[in-house]
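To start, the structure itself, in structure tokens.
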Amino acid sequence: MTALPTYFLSHGGGPWPFMMDQVGHLYGQLDASLRDIPRQLGVTPKAVLVITAHWEERDFMLSSSAKPPMIYDYGGFPPHTYEVRYSAPGSPELAAQVQQLLDAGGFPAQLDAQRGFDHGTFSAMYPIYPNADVPIVQLSLKRGLDPLTHLEVGRLLAPLREQGVLIVGSGLSYHNLRAFNAQGAAASHAFDGWLRATMALPPQERAAQLLEWEQAPAARMAHPREEHLLPLMVALGAAENDAAAVPYHEDAFMGSLAVTSFRFG
């Protein structure tokens with residue numbers, strides 16, 4: 001099998017795919033970009049491994065339930081969004097395989113048979129596979145949020161690409177909820193411009209620059225806390241020598257913010 005690409009997806013805010021009648025004018029471009037991913041792939045993956053910005057643990061953790069529940073990790077949304085279901089199956093087999101890969105690479109990992117799909121997973125995956133018919137395993141971030149650790153974990157995951165597993169980092173290229181409006185426009189554009197330019201660099205230089213992301217223009221304004229950027233490290237590590245493409249970019253997300261998703265390979 002040809003190696004599948006990896007993705008870093010800017011997943012939007014909260015349960016937006018289940019509110020399109022209310023927020024569709026804000027999410028039309030993101031929705032269209034996600035719905036186009038099956039066409040880009042050309043095949044249906046055996047499973048999807050989602051590195052989610054919404055799960056942090058002392059050690060790396062993997063969701064291992066065959067029937068994952070839901071986690072409504074947001075507040076202030078309409079009542080129906082606390083009842084939505086994304087009923088994709090899990091894959092205990094893939095979870096165990098990833099655990100073995102990480103353990104062998106020096107990053108102890110644990111299985112969590114109770115963990116459900118958080119909105120970083122189901123809000124990104126619902127537009128891609130609305131029939132919820134592709135198994136999904138979630139991988140947490142590791143506390144401390146060390147960029148190199150997450151890049152190296154991505155490298156360990158690279159063999160999965162040739163086994164039909166789609167690796168998706170789910171976060172946001174800009175994530176400052178205190179300035180998720182016109183106040184954040186300048187910072188989001190400055191950081192996003194740097195990020196897109198960095199992803200276009202040759203592989204070694206690209207990785208080195210990304211590891212020093214805090215030196216980028218407006219870095220800490222764009223990411224006061226970097227959990228929504230760290231999934232990019234994993235997605236890049238798993239396809240470190242592949243060229244980057246931009247399947248989604250907006251200069252006026254939420255009216256004024258610059259946001260981007262990336263595909264590697």
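Residue names in the structure tokens use chain letters A, B, ... in the order shown, residue numbers from 1 in each chain, and ligand numbers from 1 in the order shown.
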Pick out the residues sitting within 12 Å of A:Gly28, and hand them over as a CSV table (one decimal) with C-alpha atoms, in the first residue's frame; count only C-alpha atoms, and ignore anything fewer than 6 positions along from it in its own chain.
```csv
chain,number,residue,atom,x,y,z
A,12,GLY,CA,-12.7,24.9,14.7
A,16,TRP,CA,-19.7,23.4,15.2
A,17,PRO,CA,-20.6,20.6,12.6
A,19,MET,CA,-24.8,23.7,14.5
A,20,MET,CA,-24.4,24.4,10.8
A,21,ASP,CA,-27.9,26.0,10.6
A,22,GLN,CA,-26.6,28.6,13.1
A,34,LEU,CA,-12.7,18.5,5.7
A,35,ARG,CA,-15.3,16.9,3.4
A,127,PRO,CA,-17.4,16.1,8.2
A,248,TYR,CA,-7.4,24.7,4.1
A,249,HIS,CA,-6.6,28.3,4.8
A,250,GLU,CA,-8.7,31.3,5.8
A,252,ALA,CA,-10.9,35.9,8.0
A,253,PHE,CA,-12.0,33.0,10.1
A,254,MET,CA,-14.5,34.3,12.7
```
Q | A:Val246 surroundings by only C-alpha atoms, 7 Å radius, close-in-sequence under 3 positions cut, as JSON, numbers by chain | A | {"A": [249, 261, 262, 263]}
Selection export as a JSON list (two decimals), in the first residue's frame, atoms kept: C-alpha atoms:
```
[["chain", "number", "residue", "atom", "x", "y", "z"],
["A", 249, "HIS", "CA", -6.57, 28.33, 4.84],
["A", 261, "SER", "CA", -4.47, 23.11, 8.06],
["A", 262, "PHE", "CA", -1.58, 21.12, 6.58],
["A", 263, "ARG", "CA", -1.16, 17.83, 4.71]]
```
Q: Could you find all residues in stretch 19-200 of chain A that DSSP calls alpha helix (DSSP H) from the backbone, and write them as a ChimeraX atom specification?
A: /A:20-35,37-41,92-104,119-128,147-157,185-199
Q | Top pick for closest residue to A:Ser188, considering A:Arg161, A:Arg155, A:His223, A:His119 and counting only C-alpha atoms | A |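 Of A:Arg161, A:Arg155, A:His223, A:His119, the one nearest A:Ser188, counting only C-alpha atoms, is A:His223.
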(Q) Using only C-alpha atoms, which protein or nucleic acid residues come within 7 Å of stretch 84-95 of chain A? Drop anything in the same chain fewer than 3 positions from it, and give the result as a list in words. (A)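 In the requested form, the answer reads Leu62, Ser63, Ser64, Ser65, Ala66, Lys67, Pro68, Met70, His80, Thr81, Val98, Gln99, Phe122, Ala132, Asp133, Val134, Pro135, Ile136 and Val137 of chain A.
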Store the residues of this selection in a file with C-alpha atoms, as a CSV table (one decimal), in the first residue's frame.
```csv
chain,number,residue,atom,x,y,z
A,62,LEU,CA,-4.5,5.7,23.9
A,63,SER,CA,-8.3,5.2,23.7
A,64,SER,CA,-8.8,1.4,23.5
A,65,SER,CA,-12.6,1.0,23.7
A,66,ALA,CA,-14.2,-0.9,20.9
A,67,LYS,CA,-17.3,1.4,21.3
A,68,PRO,CA,-16.0,4.8,22.5
A,70,MET,CA,-18.7,10.8,24.0
A,80,HIS,CA,-28.8,19.4,21.6
A,81,THR,CA,-25.0,19.6,21.3
A,98,VAL,CA,0.6,2.1,18.8
A,99,GLN,CA,1.3,1.3,22.5
A,122,PHE,CA,-15.6,14.2,16.6
A,132,ALA,CA,-19.0,7.1,11.3
A,133,ASP,CA,-17.8,3.9,9.6
A,134,VAL,CA,-14.0,4.2,10.0
A,135,PRO,CA,-12.5,3.1,13.3
A,136,ILE,CA,-10.8,5.8,15.4
A,137,VAL,CA,-8.2,5.7,18.1
```
Can you list every residue of stretch 112-172 of chain A that has an atom at most 9 Å from stretch 225-235 of chain A, with its nearest atom pair and the distance in Å to one decimal, using only C-alpha atoms, ordered by chain then number, as CSV?
```
residue,atom,partner,partner_atom,distance
A:Leu141,CA,A:Leu230,CA,7.6
A:Leu145,CA,A:Glu227,CA,6.8
A:Asp146,CA,A:Leu230,CA,8.3
A:Pro147,CA,A:Met233,CA,6.5
A:Leu148,CA,A:Met233,CA,7.8
A:Thr149,CA,A:Met233,CA,8.7
A:His150,CA,A:Val234,CA,5.3
A:Leu151,CA,A:Met233,CA,4.7
A:Glu152,CA,A:Val234,CA,7.5
A:Val153,CA,A:Val234,CA,6.3
A:Gly154,CA,A:Val234,CA,4.1
A:Arg155,CA,A:Val234,CA,7.5
A:Leu157,CA,A:Val234,CA,8.4
A:Ile167,CA,A:Ala235,CA,6.6
A:Val168,CA,A:Ala235,CA,6.4
A:Gly169,CA,A:Pro231,CA,4.4
A:Ser170,CA,A:Pro231,CA,6.0
A:Gly171,CA,A:His228,CA,4.3
A:Leu172,CA,A:His228,CA,5.2
```
Q: Using DSSP on the backbone, list every residue of stretch 41-203 of chain A that comes out as strand (DSSP E or B), and give them as number ranges by chain.
A: A: 47-57, 60-63, 70, 109-112, 117, 136-142, 165-171
Q. What gap, in Å, lies between atom CA of A:Ala179 and atom CA of A:Arg196?
A.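 Computed distance, atom CA of A:Ala179 to atom CA of A:Arg196, equals 21.0 Å.
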Q) Please, what distance in Å, to one decimal, runs between atom CA of A:Gln209 and atom CA of A:Pro5? A) 21.2 Å
Q: Have a look at A:Arg39, A:Gly144, A:Thr2, A:Met221 and name the one nearest to A:Glu56; count only C-alpha atoms.
A: A:Gly144
(Q) Just the number, please: distance in Å from atom CA of A:Gln215 to atom CA of A:Ala53, one decimal. (A)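 Separating atom CA of A:Gln215 from atom CA of A:Ala53 is a distance of 21.3 Å.
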Q.
Here is a test: counting only C-alpha atoms, which residue of A:Thr121, A:Asn131, A:Gln204, A:Thr260 is nearest to A:Tyr72?
A. A:Thr121
Q) What lies within 8 Å of A:Gly120 using only C-alpha atoms, ignoring chain neighbours under 3 positions off, as a list in words? A)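 So the residues in contact are His11, Gly14, Thr52, Ala53, His54, Phe117, Ser123, Ala124, Ser170 and Gly171 of chain A.
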(Q) If we count only C-alpha atoms and set the cut-off at 8 Å, which residues sit around A:Phe107, ignoring sequence neighbours fewer than 3 positions away in its own chain? Please answer as JSON, numbers by chain. (A) {"A": [59, 60, 102, 103, 104, 153]}
Using the selection just defined, write its residues with C-alpha atoms as a short mmCIF file (atom, residue, chain, number, x, y, z; two decimals), in the first residue's frame.
```cif
data_model
loop_
_atom_site.label_atom_id
_atom_site.label_comp_id
_atom_site.auth_asym_id
_atom_site.auth_seq_id
_atom_site.Cartn_x
_atom_site.Cartn_y
_atom_site.Cartn_z
CA ASP A 59 2.37 9.50 29.87
CA PHE A 60 0.96 9.03 26.39
CA LEU A 102 5.79 3.97 21.56
CA ASP A 103 7.05 1.60 24.26
CA ALA A 104 9.74 0.28 21.92
CA VAL A 153 6.58 10.16 18.71
#
```
**Q.** Residue nearest A:Leu201 - candidates A:Ala3, A:Ala109, A:Ala243, A:Val23, atoms counted: only C-alpha atoms
**A.** A:Ala243
